[in-house]
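File shown: work.cif. Contents: mmCIF, C-alpha atoms.
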data_run
#
loop_
_atom_site.label_atom_id
_atom_site.label_comp_id
_atom_site.auth_asym_id
_atom_site.auth_seq_id
_atom_site.Cartn_x
_atom_site.Cartn_y
_atom_site.Cartn_z
CA MET A 788 76.38 -55.53 -20.03
CA ALA A 789 74.44 -53.41 -22.47
CA ASP A 790 75.44 -53.65 -26.12
CA GLU A 791 77.91 -50.85 -26.94
CA LYS A 792 75.81 -49.92 -29.99
CA ASP A 793 72.80 -49.41 -27.73
CA TYR A 794 74.87 -47.47 -25.24
CA HIS A 795 75.88 -44.66 -27.60
CA GLY A 796 74.24 -42.80 -30.41
CA LYS A 797 75.84 -42.29 -33.80
CA GLN A 798 77.91 -39.12 -34.01
CA ASN A 799 79.29 -37.09 -36.89
CA TYR A 800 82.89 -36.94 -35.67
CA VAL A 801 84.16 -35.05 -38.70
CA MET A 802 81.77 -32.21 -37.87
CA ILE A 803 82.73 -32.30 -34.16
CA LEU A 804 86.44 -32.16 -34.92
CA GLY A 805 85.75 -29.47 -37.53
CA VAL A 806 84.09 -27.32 -34.87
CA ILE A 807 87.08 -27.83 -32.55
CA ALA A 808 89.45 -26.85 -35.40
CA VAL A 809 87.39 -23.72 -36.16
CA LEU A 810 87.52 -22.76 -32.47
CA LEU A 811 91.30 -23.27 -32.58
CA ILE A 812 91.57 -20.94 -35.59
CA GLY A 813 89.39 -18.42 -33.74
CA MET A 814 91.65 -18.52 -30.68
CA VAL A 815 94.80 -18.03 -32.76
CA GLY A 816 93.09 -15.19 -34.64
CA ILE A 817 92.12 -13.47 -31.40
CA SER A 818 95.64 -13.95 -30.04
CA ILE A 819 97.17 -12.28 -33.09
CA SER A 820 94.65 -9.51 -33.69
CA MET A 821 93.47 -8.41 -30.24
CA THR A 822 95.10 -6.97 -27.13
CA GLY A 823 94.23 -6.39 -23.49
CA SER A 824 91.43 -7.95 -21.51
CA ASN A 825 89.25 -8.58 -24.59
CA LYS A 826 91.91 -10.92 -25.91
CA VAL A 827 92.10 -12.87 -22.66
CA ILE A 828 88.32 -13.12 -22.31
CA GLY A 829 87.88 -14.17 -25.97
CA ILE A 830 90.51 -16.91 -25.73
CA VAL A 831 89.21 -18.21 -22.39
CA VAL A 832 85.62 -18.39 -23.71
CA LEU A 833 86.64 -20.28 -26.89
CA ALA A 834 88.88 -22.62 -24.85
CA ALA A 835 85.97 -23.33 -22.49
CA ILE A 836 83.71 -24.18 -25.46
CA GLN A 837 86.43 -26.49 -26.85
CA PHE A 838 86.75 -28.14 -23.44
CA TYR A 839 83.00 -28.74 -23.28
CA PHE A 840 82.91 -30.10 -26.84
CA VAL A 841 85.71 -32.59 -26.19
CA LEU A 842 84.22 -33.69 -22.87
CA THR A 843 80.66 -34.21 -24.12
CA ASN A 844 81.18 -35.39 -27.70
CA LEU A 845 84.59 -37.08 -27.99
CA MET A 846 84.54 -38.54 -24.47
CA HIS A 847 80.83 -39.38 -24.86
CA LEU A 848 79.90 -37.81 -21.53
CA LYS A 849 76.51 -36.74 -22.92
CA TYR A 850 75.59 -40.41 -23.37
CA GLU A 851 76.68 -41.42 -19.88
CA PRO A 852 74.23 -41.78 -16.99
CA ALA A 853 73.91 -39.21 -14.21
CA LEU A 854 76.45 -40.95 -11.96
CA VAL A 855 79.28 -40.60 -14.51
CA ASN A 856 78.29 -36.98 -15.26
CA LEU A 857 78.37 -36.27 -11.54
CA VAL A 858 81.87 -37.75 -11.19
CA ALA A 859 83.20 -35.74 -14.14
CA TYR A 860 81.57 -32.39 -13.45
CA LEU A 861 82.25 -32.52 -9.70
CA SER A 862 85.99 -32.56 -10.43
CA VAL A 863 85.63 -29.41 -12.56
CA VAL A 864 83.39 -27.73 -9.96
CA PHE A 865 85.90 -28.64 -7.24
CA ILE A 866 88.72 -26.87 -9.08
CA LEU A 867 86.57 -23.80 -9.84
CA LEU A 868 85.54 -23.56 -6.18
CA TRP A 869 89.16 -23.83 -5.12
CA PHE A 870 90.25 -21.20 -7.64
CA PHE A 871 87.58 -18.63 -6.77
CA GLY A 872 88.00 -19.38 -3.07
CA VAL A 873 91.73 -18.75 -3.13
CA ALA A 874 91.82 -15.91 -5.67
CA PRO A 875 90.54 -13.12 -3.38
CA ASP A 876 93.26 -13.91 -0.86
CA THR A 877 96.08 -13.92 -3.40
CA ILE A 878 95.31 -11.46 -6.18
CA MET A 879 93.31 -8.48 -7.27
CA ILE A 880 92.26 -9.36 -10.80
CA PRO A 881 92.86 -6.26 -12.95
CA LEU A 882 92.07 -7.91 -16.35
CA THR A 883 94.81 -5.78 -17.89
CA ILE A 884 97.45 -8.45 -17.70
CA THR A 885 98.52 -8.23 -21.32
CA GLN A 886 99.04 -4.48 -21.33
CA MET B 507 80.44 -60.97 -9.51
CA SER B 508 78.44 -58.66 -11.76
CA ASP B 509 80.37 -56.45 -14.16
CA VAL B 510 77.69 -53.77 -13.85
CA SER B 511 77.66 -51.23 -11.01
CA ILE B 512 74.85 -49.09 -9.68
CA GLU B 513 72.91 -47.19 -12.36
CA ARG B 514 73.88 -50.03 -14.73
CA VAL B 515 77.21 -48.42 -15.56
CA PRO B 516 79.80 -51.07 -16.48
CA LYS B 517 82.44 -51.12 -13.75
CA GLY B 518 85.32 -50.67 -16.19
CA ARG B 519 83.69 -47.56 -17.62
CA LEU B 520 83.00 -46.14 -14.17
CA GLY B 521 86.59 -46.87 -13.12
CA VAL B 522 87.97 -45.02 -16.14
CA TRP B 523 85.77 -42.01 -15.37
CA PHE B 524 86.98 -41.94 -11.77
CA LEU B 525 90.54 -41.98 -13.15
CA ILE B 526 89.70 -39.15 -15.56
CA ALA B 527 88.09 -37.12 -12.75
CA GLY B 528 91.24 -37.58 -10.66
CA GLU B 529 93.41 -36.47 -13.55
CA LEU B 530 91.21 -33.42 -14.09
CA VAL B 531 91.70 -32.42 -10.46
CA ILE B 532 95.49 -32.81 -10.74
CA PHE B 533 95.76 -30.86 -14.00
CA GLY B 534 93.11 -28.42 -12.76
CA GLY B 535 95.22 -27.71 -9.69
CA PHE B 536 98.25 -26.94 -11.86
CA ILE B 537 96.19 -24.75 -14.18
CA ALA B 538 94.54 -22.87 -11.32
CA CYS B 539 97.94 -22.21 -9.69
CA TYR B 540 99.32 -20.96 -13.01
CA ALA B 541 96.30 -18.68 -13.53
CA LEU B 542 96.61 -17.21 -10.02
CA THR B 543 100.31 -16.51 -10.61
CA ARG B 544 99.68 -15.20 -14.13
CA PHE B 545 97.28 -12.53 -12.86
CA GLU B 546 99.92 -11.39 -10.39
CA TYR B 547 102.90 -11.50 -12.78
CA PRO B 548 102.40 -9.80 -16.17
CA GLU B 549 106.05 -10.73 -16.82
CA PHE B 550 104.74 -14.18 -17.85
CA GLY B 551 103.62 -12.60 -21.14
CA SER B 552 106.99 -10.99 -21.92
CA ASN B 553 109.25 -11.93 -24.82
CA GLU B 554 111.47 -13.79 -22.35
CA ALA B 555 108.57 -16.01 -21.25
CA ALA B 556 105.41 -16.85 -23.24
CA GLY B 557 106.59 -14.58 -26.05
CA ALA B 558 109.61 -16.85 -26.56
CA LEU B 559 107.42 -19.85 -27.45
CA ASN B 560 106.89 -20.60 -31.14
CA LEU B 561 103.13 -20.19 -31.72
CA TRP B 562 103.09 -22.08 -35.02
CA VAL B 563 104.88 -25.12 -33.63
CA GLY B 564 102.21 -25.16 -30.92
CA VAL B 565 99.45 -24.93 -33.56
CA ILE B 566 100.96 -27.82 -35.55
CA ASN B 567 101.16 -29.95 -32.41
CA THR B 568 97.55 -29.06 -31.55
CA LEU B 569 96.40 -30.16 -35.00
CA ILE B 570 98.37 -33.42 -34.71
CA LEU B 571 96.65 -34.15 -31.41
CA LEU B 572 93.27 -33.28 -32.95
CA VAL B 573 93.83 -35.72 -35.84
CA SER B 574 94.91 -38.40 -33.34
CA ASN B 575 91.56 -37.94 -31.60
CA TRP B 576 89.83 -38.50 -34.94
CA THR B 577 91.79 -41.72 -35.57
CA MET B 578 90.78 -42.90 -32.10
CA VAL B 579 87.06 -42.33 -32.64
CA VAL B 580 87.27 -44.06 -36.03
CA ALA B 581 88.94 -47.01 -34.26
CA HIS B 582 86.05 -47.06 -31.78
CA GLU B 583 83.49 -47.07 -34.59
CA ALA B 584 85.41 -49.91 -36.27
CA ALA B 585 85.28 -51.83 -32.97
CA LEU B 586 81.49 -51.40 -32.86
CA GLU B 587 81.35 -52.84 -36.40
CA LYS B 588 83.77 -55.60 -35.30
CA ASN B 589 86.09 -54.58 -38.14
CA LEU B 590 89.32 -55.61 -36.39
CA GLY B 591 91.68 -54.70 -39.22
CA LYS B 592 90.43 -51.14 -39.47
CA MET B 593 90.29 -50.82 -35.69
CA LYS B 594 93.93 -51.84 -35.24
CA SER B 595 95.13 -49.64 -38.11
CA PHE B 596 93.54 -46.54 -36.66
CA MET B 597 94.77 -47.30 -33.14
CA TRP B 598 98.29 -47.63 -34.54
CA GLY B 599 97.68 -44.30 -36.28
CA THR B 600 96.77 -42.76 -32.93
CA ILE B 601 99.96 -44.07 -31.33
CA ILE B 602 102.11 -42.79 -34.19
CA LEU B 603 100.52 -39.32 -34.05
CA GLY B 604 101.06 -39.25 -30.28
CA LEU B 605 104.71 -40.08 -30.82
CA VAL B 606 105.00 -37.36 -33.49
CA PHE B 607 103.57 -34.87 -30.95
CA LEU B 608 106.18 -35.98 -28.43
CA ALA B 609 108.96 -35.88 -31.02
CA ILE B 610 108.15 -32.25 -31.83
CA LYS B 611 107.84 -31.33 -28.15
CA LEU B 612 110.91 -33.17 -26.86
CA GLY B 613 113.01 -33.16 -30.03
CA TYR B 614 112.49 -29.59 -31.20
CA GLU B 615 110.66 -27.29 -28.76
CA TRP B 616 112.30 -28.22 -25.48
CA PRO B 617 115.87 -28.35 -26.87
CA HIS B 618 115.27 -24.96 -28.51
CA ASP B 619 114.02 -23.49 -25.21
CA ILE B 620 116.84 -25.05 -23.22
CA ALA B 621 119.42 -23.73 -25.70
CA GLU B 622 117.98 -20.26 -25.03
CA GLY B 623 118.74 -20.76 -21.33
CA HIS B 624 115.20 -21.63 -20.21
CA THR B 625 115.00 -24.73 -18.03
CA ILE B 626 112.67 -26.03 -15.34
CA SER B 627 114.87 -24.36 -12.70
CA SER B 628 116.45 -21.63 -14.88
CA ALA B 629 119.38 -22.00 -12.48
CA LYS B 630 121.85 -20.07 -14.65
CA ALA B 631 119.42 -17.25 -15.38
CA ILE B 632 118.43 -16.63 -11.77
CA ALA B 633 121.91 -16.96 -10.25
CA GLY B 634 122.44 -13.83 -8.19
CA ALA B 635 119.04 -12.36 -9.08
CA GLU B 636 117.05 -10.45 -6.46
CA PRO B 637 113.94 -12.17 -5.07
CA GLY B 638 110.87 -10.77 -6.80
CA SER B 639 112.90 -9.46 -9.74
CA GLU B 640 111.68 -9.85 -13.33
CA VAL B 641 114.24 -12.61 -13.94
CA MET B 642 112.82 -14.60 -11.04
CA LYS B 643 109.26 -14.15 -12.28
CA VAL B 644 110.17 -15.19 -15.82
CA SER B 645 111.94 -18.28 -14.48
CA LEU B 646 108.71 -19.20 -12.70
CA PHE B 647 106.92 -19.21 -16.08
CA TRP B 648 109.42 -21.75 -17.42
CA ASN B 649 109.01 -23.77 -14.25
CA TYR B 650 105.28 -24.04 -14.91
CA TYR B 651 105.80 -24.61 -18.65
CA PHE B 652 108.21 -27.54 -18.35
CA LEU B 653 106.31 -29.07 -15.43
CA MET B 654 102.88 -28.98 -17.07
CA THR B 655 103.87 -29.82 -20.66
CA GLY B 656 106.13 -32.57 -19.28
CA PHE B 657 103.29 -34.00 -17.20
CA HIS B 658 101.02 -33.80 -20.25
CA GLY B 659 103.66 -35.56 -22.35
CA LEU B 660 103.85 -38.29 -19.72
CA HIS B 661 100.13 -38.86 -20.23
CA ILE B 662 100.67 -39.23 -23.97
CA VAL B 663 103.24 -41.94 -23.24
CA VAL B 664 100.83 -43.71 -20.86
CA GLY B 665 97.96 -43.31 -23.36
CA SER B 666 100.08 -44.76 -26.18
CA LEU B 667 101.10 -47.74 -24.03
CA THR B 668 97.44 -48.26 -23.03
CA ILE B 669 96.31 -48.24 -26.66
CA PHE B 670 99.09 -50.69 -27.52
CA GLY B 671 97.88 -52.93 -24.69
CA VAL B 672 94.32 -52.73 -26.06
CA ILE B 673 95.52 -53.61 -29.57
CA VAL B 674 97.13 -56.76 -28.14
CA SER B 675 94.22 -57.69 -25.86
CA THR B 676 91.56 -57.24 -28.57
CA SER B 677 93.47 -59.04 -31.32
CA LYS B 678 91.07 -61.99 -31.21
CA GLY B 679 87.97 -59.84 -31.25
CA GLU B 680 87.34 -60.01 -27.50
CA ASN B 681 86.98 -57.19 -24.97
CA LEU B 682 86.27 -54.66 -27.70
CA HIS B 683 84.72 -52.28 -25.15
CA ARG B 684 88.28 -51.55 -24.05
CA VAL B 685 88.79 -49.54 -27.25
CA GLU B 686 86.33 -46.91 -26.04
CA LEU B 687 87.84 -46.86 -22.55
CA ALA B 688 91.33 -46.33 -23.97
CA GLY B 689 89.82 -43.70 -26.25
CA ALA B 690 88.31 -41.84 -23.29
CA TYR B 691 91.78 -41.66 -21.72
CA TRP B 692 93.27 -40.47 -25.02
CA HIS B 693 90.62 -37.74 -25.31
CA LEU B 694 91.61 -36.63 -21.80
CA VAL B 695 95.02 -35.78 -23.28
CA GLU B 696 93.22 -33.55 -25.83
CA LEU B 697 90.96 -32.14 -23.11
CA VAL B 698 93.95 -30.96 -21.08
CA TRP B 699 95.78 -29.63 -24.16
CA VAL B 700 92.86 -27.38 -25.18
CA ILE B 701 93.56 -25.51 -21.94
CA LEU B 702 97.38 -25.73 -21.88
CA PHE B 703 97.81 -24.53 -25.48
CA PRO B 704 96.01 -21.17 -25.12
CA MET B 705 97.39 -20.73 -21.61
CA PHE B 706 101.05 -20.89 -22.67
CA TYR B 707 101.03 -19.98 -26.36
CA LEU B 708 98.15 -17.56 -26.90
CA ILE B 709 97.73 -15.42 -23.78
CA LYS B 710 100.89 -13.32 -23.98
#
Produce C-alpha cells that represent the structure in this file.
Amino acid sequence: MADEKDYHGKQNYVMILGVIAVLLIGMVGISISMTGSNKVIGIVVLAAIQFYFVLTNLMHLKYEPALVNLVAYLSVVFILLWFFGVAPDTIMIPLTITQ
Amino acid sequence: MSDVSIERVPKGRLGVWFLIAGELVIFGGFIACYALTRFEYPEFGSNEAAGALNLWVGVINTLILLVSNWTMVVAHEAALEKNLGKMKSFMWGTIILGLVFLAIKLGYEWPHDIAEGHTISSAKAIAGAEPGSEVMKVSLFWNYYFLMTGFHGLHIVVGSLTIFGVIVSTSKGENLHRVELAGAYWHLVELVWVILFPMFYLIK
C-alpha cells in the first residue's frame, strides 16, 4: 500500500475550516436579513459551497483517484436526477415559499 | 490476497467510500423528499414549524461539529507523524465534542420541542384535524425534523464508537490508516449537517 504521506498533500485545515465558518456566518446573515426567493437561493448556494468544501478538502476527495470520485459523485448525481425527475410531477416551484 | 484494489486504491478506503456513497443516497433521499414537500407547503416556515426552532442553539451545535472536524483532521496529521499521544488526545476530543452535540440536541432541543407539543407523530396536535389542514402540514414538518435529526444523531453515535474502536486498535502504533478512514466517516456527519442545518433552521 502506498505511504499515507505520499497519498495526500499537506493542507491548511485552519484555513479550510475558517472558510466553512465564514460561509456559515454568511448563511445566518442571509437568513436574518433577507426575505423571499433571494434568501432561499442565497442559503442554498452557500450550503452547496460548504458541501463541496467538506467533501473535497476534509474528506480528501480531491486527492482520491477517479474511481473513488466516481463513486462519491454518482451518489449525488443520482439524488439530483431523482429530485428533478420527480419534481415536475409533484410540484410547481414558485420560489416564493417564504412569503 | 492483495490489500489494493483496481486503480491502486486500498480496499479499506474504497469500502469506506462505498459506505459514504450509500449514506449520501439515504440522506439525499430524505432531503429531496423534504425539499419537494417544502415547496408545496409554505406552512413549514411558520412559527409553529421551522420558526419554533432556536436558531442560535443550532448555530452553537454547528460550530461544535465544525471544531470536532478540526480535532479529527489534527488527529489524522498526528497519525501521519506517528505521534500516538497527540493522535489519541484529539480523537478523544472528537468523541467528546460529538457527545456535547448530542447532549444539546437530545438534552435541550428535543425536550424543549416535545414540551411545546411537537413530536415525531404530533398525535395530540393532529387529533381531530382535517386532512390537508395547516395543523396536519405543520405536523409533517416535525415528522421530518425528528426523523432526519434523529438519523443524523445516530450517525454521530456510530462515528463516536468507530473512533473509539480506532483508538483501541491503533494503540500500539499499527493500522494508523484507520484514523483517516474513521475521519472520513466523521466528516460525513458534517457533510450531512451542512445541508440539514440551513434546511431546518435558516429557510423559514
What would the selection look like, as a compact mmCIF listing (two decimals) with C-alpha atoms, in the frame of the given file, if the PyMOL selection byres ((chain B) within 6 of (chain A)) were run on the coordinates I just shared?
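To be explicit, this is the file written out as out19.txt:
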# COMPACT_ATOMS: atom_id res chain seq x y z
CA ALA B 527 88.09 -37.12 -12.75
CA VAL B 531 91.70 -32.42 -10.46
CA GLY B 534 93.11 -28.42 -12.76
CA ALA B 538 94.54 -22.87 -11.32
CA PRO B 548 102.40 -9.80 -16.17
CA ALA B 690 88.31 -41.84 -23.29
CA LEU B 697 90.96 -32.14 -23.11
CA LEU B 708 98.15 -17.56 -26.90
Answer key for the PyMOL selection byres ((chain B and resi 707) around 9), residues as a ChimeraX atom specification: /A:818 /B:556-557,559-561,564-565,702-706,708-710
Around all the atoms of stretch 564-567 of chain B listed in the file, with 6 Å of room on each side, what axis-aligned box do you get, giving centre and edge lengths in Å to one decimal, as JSON?
{"center_x": 100.8, "center_y": -27.4, "center_z": -33.2, "size_x": 14.8, "size_y": 17.0, "size_z": 16.6}
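Here atom CA of B:Val522 and atom CA of B:Phe652 stand 26.8 Å from one another.
Atom CA of B:Glu529 is positioned 25.6 Å from atom CA of B:Glu583.
The nearest approach to B:Trp598 among the residues B:Ala635, B:Leu520, B:Leu542, B:Val580, with only C-alpha atoms taken into account, belongs to B:Val580.
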Neighbour list for B:Trp616 as a PyMOL selection string, cut-off 12 Å, only C-alpha atoms, skip fewer than 4 positions in-chain: chain B and resi 558-560+563-564+608-612+620-626+648+651-653+655-656+659
From B:Leu687, B:Leu586, B:Ile602, B:Leu525, residue lying nearest B:Thr668 [all atoms listed in the file]: B:Leu687
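Here atom CA of B:Leu603 is placed at a distance of 5.7 Å from atom CA of B:Ser574.
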Using only C-alpha atoms: which of B:Glu554, B:Glu696, B:Glu549, B:Glu680 has the shortest distance to B:Ser639: B:Glu549
Exercise: B:Tyr540 partners within 10 Å, only C-alpha atoms, chain neighbours under 3 positions left out, as a PyMOL selection string: chain B and resi 534-537+543-546+550+646-647+650-651+654+705-706
Using C-alpha atoms, can you write the selected residues to a file as a PDB file, in the frame of the given file?
ATOM      1  CA  GLY B 534      93.110 -28.420 -12.760  1.00  0.00           C
ATOM      2  CA  GLY B 535      95.220 -27.710  -9.690  1.00  0.00           C
ATOM      3  CA  PHE B 536      98.250 -26.940 -11.860  1.00  0.00           C
ATOM      4  CA  ILE B 537      96.190 -24.750 -14.180  1.00  0.00           C
ATOM      5  CA  THR B 543     100.310 -16.510 -10.610  1.00  0.00           C
ATOM      6  CA  ARG B 544      99.680 -15.200 -14.130  1.00  0.00           C
ATOM      7  CA  PHE B 545      97.280 -12.530 -12.860  1.00  0.00           C
ATOM      8  CA  GLU B 546      99.920 -11.390 -10.390  1.00  0.00           C
ATOM      9  CA  PHE B 550     104.740 -14.180 -17.850  1.00  0.00           C
ATOM     10  CA  LEU B 646     108.710 -19.200 -12.700  1.00  0.00           C
ATOM     11  CA  PHE B 647     106.920 -19.210 -16.080  1.00  0.00           C
ATOM     12  CA  TYR B 650     105.280 -24.040 -14.910  1.00  0.00           C
ATOM     13  CA  TYR B 651     105.800 -24.610 -18.650  1.00  0.00           C
ATOM     14  CA  MET B 654     102.880 -28.980 -17.070  1.00  0.00           C
ATOM     15  CA  MET B 705      97.390 -20.730 -21.610  1.00  0.00           C
ATOM     16  CA  PHE B 706     101.050 -20.890 -22.670  1.00  0.00           C
TER      17      PHE B 706
END
